[in-house]
Amino acid sequence: QTLLWHNVLGILSVHRDGTALMVDTTGAVTCRISDAAGRGVFVCTADLSLEHEQLAAAGQRGIHLWQCFSQTKMGVLETIGETVKKSTTLILAARYLPSRRFLVSAHELYGEVRIWDVLRLELVCSIRTPDCPRATSAAWDSMGMALLVF
């Protein structure tokens, strides 16, 4: 389960069964998205873009992007080609970068990390980390201008 806070929208809870639920400070439900990572898919990880009021919910079939207010699916970040398909079996981390235009995802196999353009719904970069068979998390170091993968 993922819990995230948004100062206007409230508390976002994304359960592994795929349900995303947002409640305000009084406990009233303001947003409910069923099957956030696709029909019949559990959510591995999720993140919220405060700037775009956008939810990224990752499962075995890609990263699904939702607009929180309208509860509308904005698109799906999917793999391209057979060479990288095997590494999408499980996304262990998905985080918006500080610009909020890009999303980084860390994958189960080969230590693969991908950077996505969430506005154009395109893969920008895909790398495999050397000597790291499983990338479990990724973070952006703004001081060092570096992407940290571990």
# chains A, B, ... in the order shown; residues from 1 in each chain; ligands from 1

call {"tool": "residues_around", "arguments": {"residues": "Leu103 of chain A", "least_positions_apart": "2", "cutoff": "8 Å", "atoms": "only C-alpha atoms", "output": "PyMOL selection string"}}
result
chain A and resi 94-97+100-101+105+115-118

call {"tool": "residues_around", "arguments": {"residues": "Gly75 of chain A", "least_positions_apart": "6", "cutoff": "12 Å", "atoms": "only C-alpha atoms", "output": "PyMOL selection string"}}
result
chain A and resi 36-38+54-57+62-67+117-122

call {"tool": "write_last_selection", "arguments": {"atoms": "all heavy atoms", "output": "CSV table (one decimal), in the first residue's frame"}}
result
chain,number,residue,atom,x,y,z
A,36,ALA,N,-6.5,1.1,-10.9
A,36,ALA,CA,-5.6,2.2,-11.2
A,36,ALA,C,-4.4,1.8,-12.1
A,36,ALA,O,-3.9,2.6,-12.9
A,36,ALA,CB,-5.1,2.9,-9.9
A,37,ALA,N,-4.0,0.5,-12.0
A,37,ALA,CA,-2.8,0.0,-12.8
A,37,ALA,C,-3.3,-0.9,-13.9
A,37,ALA,O,-2.5,-1.6,-14.5
A,37,ALA,CB,-1.8,-0.7,-11.9
A,38,GLY,N,-4.6,-0.9,-14.1
A,38,GLY,CA,-5.2,-1.8,-15.2
A,38,GLY,C,-6.1,-2.8,-14.5
A,38,GLY,O,-6.0,-3.1,-13.3
A,54,GLN,N,-1.6,14.7,-10.8
A,54,GLN,CA,-1.5,13.4,-11.6
A,54,GLN,C,-1.0,12.3,-10.7
A,54,GLN,O,-0.1,12.4,-10.0
A,54,GLN,CB,-0.6,13.6,-12.8
A,54,GLN,CG,-0.6,12.5,-13.8
A,54,GLN,CD,0.3,12.8,-15.0
A,54,GLN,OE1,1.5,12.9,-14.8
A,54,GLN,NE2,-0.3,13.0,-16.1
A,55,LEU,N,-1.7,11.1,-10.9
A,55,LEU,CA,-1.3,9.9,-10.2
A,55,LEU,C,-0.6,9.0,-11.2
A,55,LEU,O,-1.2,8.8,-12.2
A,55,LEU,CB,-2.5,9.2,-9.6
A,55,LEU,CG,-2.3,7.8,-9.0
A,55,LEU,CD1,-1.5,7.8,-7.8
A,55,LEU,CD2,-3.7,7.2,-8.8
A,56,ALA,N,0.5,8.5,-10.8
A,56,ALA,CA,1.2,7.4,-11.6
A,56,ALA,C,1.1,6.1,-10.8
A,56,ALA,O,1.6,6.0,-9.7
A,56,ALA,CB,2.7,7.8,-11.8
A,57,ALA,N,0.4,5.1,-11.3
A,57,ALA,CA,0.2,3.8,-10.6
A,57,ALA,C,0.9,2.8,-11.5
A,57,ALA,O,0.5,2.6,-12.7
A,57,ALA,CB,-1.3,3.5,-10.4
A,62,GLY,N,2.6,-1.9,-17.1
A,62,GLY,CA,3.0,-0.5,-17.4
A,62,GLY,C,2.6,0.5,-16.3
A,62,GLY,O,2.2,0.0,-15.2
A,63,ILE,N,2.9,1.7,-16.5
A,63,ILE,CA,2.5,2.8,-15.6
A,63,ILE,C,1.3,3.6,-16.1
A,63,ILE,O,1.4,4.1,-17.2
A,63,ILE,CB,3.7,3.7,-15.4
A,63,ILE,CG1,5.0,2.9,-14.9
A,63,ILE,CG2,3.4,4.8,-14.4
A,63,ILE,CD1,6.3,3.7,-14.9
A,64,HIS,N,0.3,3.6,-15.3
A,64,HIS,CA,-1.0,4.2,-15.7
A,64,HIS,C,-1.0,5.6,-15.1
A,64,HIS,O,-0.8,5.8,-13.9
A,64,HIS,CB,-2.2,3.4,-15.3
A,64,HIS,CG,-2.3,2.1,-16.0
A,64,HIS,ND1,-3.3,1.8,-16.8
A,64,HIS,CD2,-1.5,1.0,-16.0
A,64,HIS,CE1,-3.2,0.6,-17.3
A,64,HIS,NE2,-2.0,0.1,-16.8
A,65,LEU,N,-1.3,6.6,-15.9
A,65,LEU,CA,-1.3,8.0,-15.4
A,65,LEU,C,-2.8,8.5,-15.4
A,65,LEU,O,-3.5,8.3,-16.3
A,65,LEU,CB,-0.5,8.9,-16.4
A,65,LEU,CG,0.9,8.6,-16.6
A,65,LEU,CD1,1.6,9.5,-17.6
A,65,LEU,CD2,1.7,8.6,-15.3
A,66,TRP,N,-3.1,9.1,-14.2
A,66,TRP,CA,-4.5,9.5,-14.0
A,66,TRP,C,-4.5,11.0,-13.5
A,66,TRP,O,-3.7,11.4,-12.8
A,66,TRP,CB,-5.2,8.7,-12.9
A,66,TRP,CG,-5.3,7.3,-13.2
A,66,TRP,CD1,-4.4,6.2,-13.0
A,66,TRP,CD2,-6.5,6.6,-13.7
A,66,TRP,NE1,-5.0,5.1,-13.4
A,66,TRP,CE2,-6.3,5.3,-13.8
A,66,TRP,CE3,-7.8,7.1,-14.0
A,66,TRP,CZ2,-7.2,4.4,-14.3
A,66,TRP,CZ3,-8.7,6.2,-14.5
A,66,TRP,CH2,-8.4,4.9,-14.6
A,67,GLN,N,-5.5,11.7,-14.0
A,67,GLN,CA,-5.7,13.1,-13.5
A,67,GLN,C,-6.7,12.9,-12.3
A,67,GLN,O,-7.8,12.3,-12.4
A,67,GLN,CB,-6.4,13.9,-14.6
A,67,GLN,CG,-6.1,15.4,-14.5
A,67,GLN,CD,-6.8,16.1,-13.3
A,67,GLN,OE1,-7.9,15.7,-12.9
A,67,GLN,NE2,-6.2,17.1,-12.8
A,117,ASP,N,8.8,10.7,-20.3
A,117,ASP,CA,8.2,12.1,-20.4
A,117,ASP,C,6.7,11.9,-20.3
A,117,ASP,O,6.0,11.3,-21.1
A,117,ASP,CB,8.5,12.6,-21.8
A,117,ASP,CG,7.9,14.0,-22.0
A,117,ASP,OD1,6.9,14.4,-21.4
A,117,ASP,OD2,8.6,14.8,-22.8
A,118,VAL,N,6.1,12.3,-19.1
A,118,VAL,CA,4.7,12.1,-18.8
A,118,VAL,C,3.7,13.0,-19.7
A,118,VAL,O,2.5,12.6,-19.8
A,118,VAL,CB,4.4,12.2,-17.3
A,118,VAL,CG1,5.1,11.2,-16.5
A,118,VAL,CG2,4.6,13.6,-16.8
A,119,LEU,N,4.2,14.0,-20.2
A,119,LEU,CA,3.3,14.9,-21.0
A,119,LEU,C,3.2,14.3,-22.5
A,119,LEU,O,2.1,14.4,-23.0
A,119,LEU,CB,3.9,16.3,-21.1
A,119,LEU,CG,4.0,17.0,-19.8
A,119,LEU,CD1,4.5,18.4,-19.9
A,119,LEU,CD2,2.6,17.1,-19.1
A,120,ARG,N,4.3,13.7,-23.0
A,120,ARG,CA,4.2,13.1,-24.3
A,120,ARG,C,4.0,11.6,-24.3
A,120,ARG,O,3.9,11.0,-25.3
A,120,ARG,CB,5.5,13.5,-25.1
A,120,ARG,CG,5.6,15.0,-25.3
A,120,ARG,CD,6.7,15.4,-26.2
A,120,ARG,NE,7.8,14.4,-26.3
A,120,ARG,CZ,9.1,14.7,-26.7
A,120,ARG,NH1,9.3,15.9,-27.1
A,120,ARG,NH2,10.0,13.7,-26.7
A,121,LEU,N,4.0,11.0,-23.1
A,121,LEU,CA,3.8,9.6,-22.9
A,121,LEU,C,4.9,8.8,-23.7
A,121,LEU,O,4.6,7.8,-24.3
A,121,LEU,CB,2.4,9.2,-23.3
A,121,LEU,CG,1.2,9.8,-22.6
A,121,LEU,CD1,-0.1,9.4,-23.2
A,121,LEU,CD2,1.3,9.6,-21.1
A,122,GLU,N,6.1,9.2,-23.6
A,122,GLU,CA,7.2,8.6,-24.3
A,122,GLU,C,8.4,8.2,-23.4
A,122,GLU,O,8.6,8.9,-22.4
A,122,GLU,CB,7.8,9.5,-25.4
A,122,GLU,CG,6.8,9.8,-26.5
A,122,GLU,CD,7.4,10.8,-27.5
A,122,GLU,OE1,8.5,11.4,-27.2
A,122,GLU,OE2,6.8,10.9,-28.6

call {"tool": "select_by_dssp", "arguments": {"residues": "chain A", "states": "strand (DSSP E)", "output": "PyMOL selection string"}}
result
chain A and resi 2-6+10-14+20-23+29-33+45-49+54-59+62-67+72-77+91-96+102-107+112-117+122-128+138-141+146-149

call {"tool": "closest_residue", "arguments": {"among": "A:Cys68, A:Ala138, A:Ala46, A:Ala58", "to": "Val8 of chain A", "atoms": "only C-alpha atoms"}}
result
A:Cys68

call {"tool": "closest_residue", "arguments": {"among": "A:Thr19, A:Thr30, A:Ser70, A:Thr129", "to": "Cys44 of chain A", "atoms": "only C-alpha atoms"}}
result
A:Thr19

call {"tool": "residues_around", "arguments": {"residues": "Gly10 of chain A", "least_positions_apart": "4", "cutoff": "12 Å", "atoms": "only C-alpha atoms", "output": "PyMOL selection string"}}
result
chain A and resi 3-6+21-31+48+50+53+68-69

call {"tool": "atom_distance", "arguments": {"atom1": "atom CA of Leu147 of chain A", "atom2": "atom CA of Asn7 of chain A"}}
result
26.6 Å

call {"tool": "residues_around", "arguments": {"residues": "His107 of chain A", "least_positions_apart": "5", "cutoff": "12 Å", "atoms": "only C-alpha atoms", "output": "PyMOL selection string"}}
result
chain A and resi 44-45+58-60+62-63+79+84-94+112-115+126-129+132-138+149-150

call {"tool": "write_last_selection", "arguments": {"atoms": "N, CA and C atoms", "output": "mmCIF file, in the first residue's frame"}}
result
data_model
loop_
_atom_site.group_PDB
_atom_site.id
_atom_site.type_symbol
_atom_site.label_atom_id
_atom_site.label_comp_id
_atom_site.auth_asym_id
_atom_site.auth_seq_id
_atom_site.Cartn_x
_atom_site.Cartn_y
_atom_site.Cartn_z
ATOM 1 N N CYS A 44 2.097 -2.022 -7.806
ATOM 2 C CA CYS A 44 3.408 -2.265 -7.188
ATOM 3 C C CYS A 44 3.915 -1.026 -6.477
ATOM 4 N N THR A 45 3.728 0.134 -7.098
ATOM 5 C CA THR A 45 4.193 1.401 -6.545
ATOM 6 C C THR A 45 3.380 2.530 -7.172
ATOM 7 N N ALA A 58 1.832 2.064 -10.954
ATOM 8 C CA ALA A 58 2.595 1.082 -11.724
ATOM 9 C C ALA A 58 2.188 -0.333 -11.349
ATOM 10 N N GLY A 59 2.036 -1.153 -12.375
ATOM 11 C CA GLY A 59 1.741 -2.572 -12.196
ATOM 12 C C GLY A 59 2.535 -3.378 -13.204
ATOM 13 N N GLN A 60 2.117 -4.616 -13.452
ATOM 14 C CA GLN A 60 2.836 -5.471 -14.390
ATOM 15 C C GLN A 60 2.640 -5.054 -15.843
ATOM 16 N N GLY A 62 2.633 -1.864 -17.108
ATOM 17 C CA GLY A 62 3.033 -0.492 -17.372
ATOM 18 C C GLY A 62 2.640 0.456 -16.257
ATOM 19 N N ILE A 63 2.851 1.737 -16.533
ATOM 20 C CA ILE A 63 2.539 2.787 -15.570
ATOM 21 C C ILE A 63 1.336 3.562 -16.101
ATOM 22 N N THR A 79 6.110 -0.396 -22.578
ATOM 23 C CA THR A 79 7.393 -0.706 -23.200
ATOM 24 C C THR A 79 7.251 -0.789 -24.705
ATOM 25 N N VAL A 84 13.121 -5.173 -24.318
ATOM 26 C CA VAL A 84 12.958 -4.676 -22.954
ATOM 27 C C VAL A 84 11.700 -5.195 -22.278
ATOM 28 N N LYS A 85 10.899 -6.000 -22.960
ATOM 29 C CA LYS A 85 9.638 -6.456 -22.409
ATOM 30 C C LYS A 85 9.790 -7.279 -21.136
ATOM 31 N N LYS A 86 10.799 -8.130 -21.061
ATOM 32 C CA LYS A 86 10.973 -8.988 -19.896
ATOM 33 C C LYS A 86 11.198 -8.191 -18.619
ATOM 34 N N SER A 87 11.789 -7.033 -18.722
ATOM 35 C CA SER A 87 12.103 -6.263 -17.520
ATOM 36 C C SER A 87 10.901 -5.500 -16.975
ATOM 37 N N THR A 88 9.751 -5.598 -17.606
ATOM 38 C CA THR A 88 8.579 -4.883 -17.109
ATOM 39 C C THR A 88 7.703 -5.762 -16.236
ATOM 40 N N THR A 89 8.158 -6.962 -15.896
ATOM 41 C CA THR A 89 7.322 -7.845 -15.095
ATOM 42 C C THR A 89 6.937 -7.216 -13.770
ATOM 43 N N LEU A 90 7.830 -6.420 -13.187
ATOM 44 C CA LEU A 90 7.507 -5.763 -11.931
ATOM 45 C C LEU A 90 8.269 -4.454 -11.823
ATOM 46 N N ILE A 91 7.542 -3.390 -11.611
ATOM 47 C CA ILE A 91 8.148 -2.072 -11.411
ATOM 48 C C ILE A 91 8.220 -1.857 -9.910
ATOM 49 N N LEU A 92 9.427 -1.732 -9.398
ATOM 50 C CA LEU A 92 9.617 -1.640 -7.949
ATOM 51 C C LEU A 92 9.527 -0.216 -7.416
ATOM 52 N N ALA A 93 9.758 0.769 -8.276
ATOM 53 C CA ALA A 93 9.666 2.162 -7.849
ATOM 54 C C ALA A 93 9.292 3.029 -9.043
ATOM 55 N N ALA A 94 8.459 4.015 -8.811
ATOM 56 C CA ALA A 94 8.105 5.012 -9.826
ATOM 57 C C ALA A 94 8.016 6.350 -9.099
ATOM 58 N N GLU A 112 17.297 -2.341 -14.398
ATOM 59 C CA GLU A 112 16.906 -1.370 -15.422
ATOM 60 C C GLU A 112 16.180 -0.174 -14.815
ATOM 61 N N VAL A 113 16.541 1.008 -15.289
ATOM 62 C CA VAL A 113 15.914 2.259 -14.880
ATOM 63 C C VAL A 113 15.475 2.985 -16.141
ATOM 64 N N ARG A 114 14.255 3.496 -16.125
ATOM 65 C CA ARG A 114 13.725 4.224 -17.287
ATOM 66 C C ARG A 114 13.285 5.615 -16.867
ATOM 67 N N ILE A 115 13.456 6.551 -17.778
ATOM 68 C CA ILE A 115 12.970 7.910 -17.566
ATOM 69 C C ILE A 115 11.919 8.177 -18.639
ATOM 70 N N SER A 126 16.489 4.585 -21.298
ATOM 71 C CA SER A 126 16.461 3.310 -20.608
ATOM 72 C C SER A 126 17.895 2.844 -20.409
ATOM 73 N N ILE A 127 18.250 2.585 -19.146
ATOM 74 C CA ILE A 127 19.611 2.132 -18.860
ATOM 75 C C ILE A 127 19.563 0.934 -17.923
ATOM 76 N N ARG A 128 20.604 0.127 -18.011
ATOM 77 C CA ARG A 128 20.775 -0.981 -17.075
ATOM 78 C C ARG A 128 21.966 -0.640 -16.198
ATOM 79 N N THR A 129 21.763 -0.752 -14.900
ATOM 80 C CA THR A 129 22.837 -0.401 -13.973
ATOM 81 C C THR A 129 23.815 -1.568 -13.873
ATOM 82 N N CYS A 132 24.173 -4.483 -10.771
ATOM 83 C CA CYS A 132 22.971 -4.295 -9.950
ATOM 84 C C CYS A 132 21.852 -5.113 -10.602
ATOM 85 N N PRO A 133 21.682 -6.370 -10.177
ATOM 86 C CA PRO A 133 20.691 -7.222 -10.835
ATOM 87 C C PRO A 133 19.246 -6.794 -10.596
ATOM 88 N N ARG A 134 19.011 -5.944 -9.585
ATOM 89 C CA ARG A 134 17.637 -5.546 -9.269
ATOM 90 C C ARG A 134 17.632 -4.121 -8.729
ATOM 91 N N ALA A 135 17.117 -3.188 -9.499
ATOM 92 C CA ALA A 135 17.015 -1.795 -9.054
ATOM 93 C C ALA A 135 15.730 -1.669 -8.238
ATOM 94 N N THR A 136 15.862 -1.435 -6.941
ATOM 95 C CA THR A 136 14.681 -1.390 -6.078
ATOM 96 C C THR A 136 14.179 0.018 -5.815
ATOM 97 N N SER A 137 15.029 1.007 -6.052
ATOM 98 C CA SER A 137 14.615 2.377 -5.796
ATOM 99 C C SER A 137 15.491 3.344 -6.581
ATOM 100 N N ALA A 138 14.977 4.524 -6.793
ATOM 101 C CA ALA A 138 15.724 5.571 -7.487
ATOM 102 C C ALA A 138 15.329 6.915 -6.888
ATOM 103 N N VAL A 149 20.567 5.235 -8.018
ATOM 104 C CA VAL A 149 19.825 3.981 -8.167
ATOM 105 C C VAL A 149 20.407 2.972 -7.187
ATOM 106 N N PHE A 150 19.534 2.336 -6.449
ATOM 107 C CA PHE A 150 19.989 1.306 -5.507
ATOM 108 C C PHE A 150 18.923 0.250 -5.331
#

call {"tool": "closest_residue", "arguments": {"among": "A:Val76, A:Leu123, A:Asp47, A:Ile33", "to": "Thr2 of chain A", "atoms": "only C-alpha atoms"}}
result
A:Asp47

call {"tool": "atom_distance", "arguments": {"atom1": "atom CA of Val43 of chain A", "atom2": "atom CA of Ala20 of chain A"}}
result
9.3 Å

call {"tool": "atom_distance", "arguments": {"atom1": "atom CA of Arg39 of chain A", "atom2": "atom CA of Arg61 of chain A"}}
result
9.7 Å

call {"tool": "select_by_dssp", "arguments": {"residues": "segment 4-99 of chain A", "states": "helix (DSSP H, G or I)", "output": "PyMOL selection string"}}
result
chain A and resi 85-88

call {"tool": "write_last_selection", "arguments": {"atoms": "N, CA, C and O atoms", "output": "CSV table (one decimal), in the first residue's frame"}}
result
chain,number,residue,atom,x,y,z
A,85,LYS,N,10.9,-6.0,-23.0
A,85,LYS,CA,9.6,-6.5,-22.4
A,85,LYS,C,9.8,-7.3,-21.1
A,85,LYS,O,9.0,-7.2,-20.2
A,86,LYS,N,10.8,-8.1,-21.1
A,86,LYS,CA,11.0,-9.0,-19.9
A,86,LYS,C,11.2,-8.2,-18.6
A,86,LYS,O,10.8,-8.6,-17.5
A,87,SER,N,11.8,-7.0,-18.7
A,87,SER,CA,12.1,-6.3,-17.5
A,87,SER,C,10.9,-5.5,-17.0
A,87,SER,O,11.0,-4.8,-16.0
A,88,THR,N,9.8,-5.6,-17.6
A,88,THR,CA,8.6,-4.9,-17.1
A,88,THR,C,7.7,-5.8,-16.2
A,88,THR,O,6.6,-5.4,-15.9
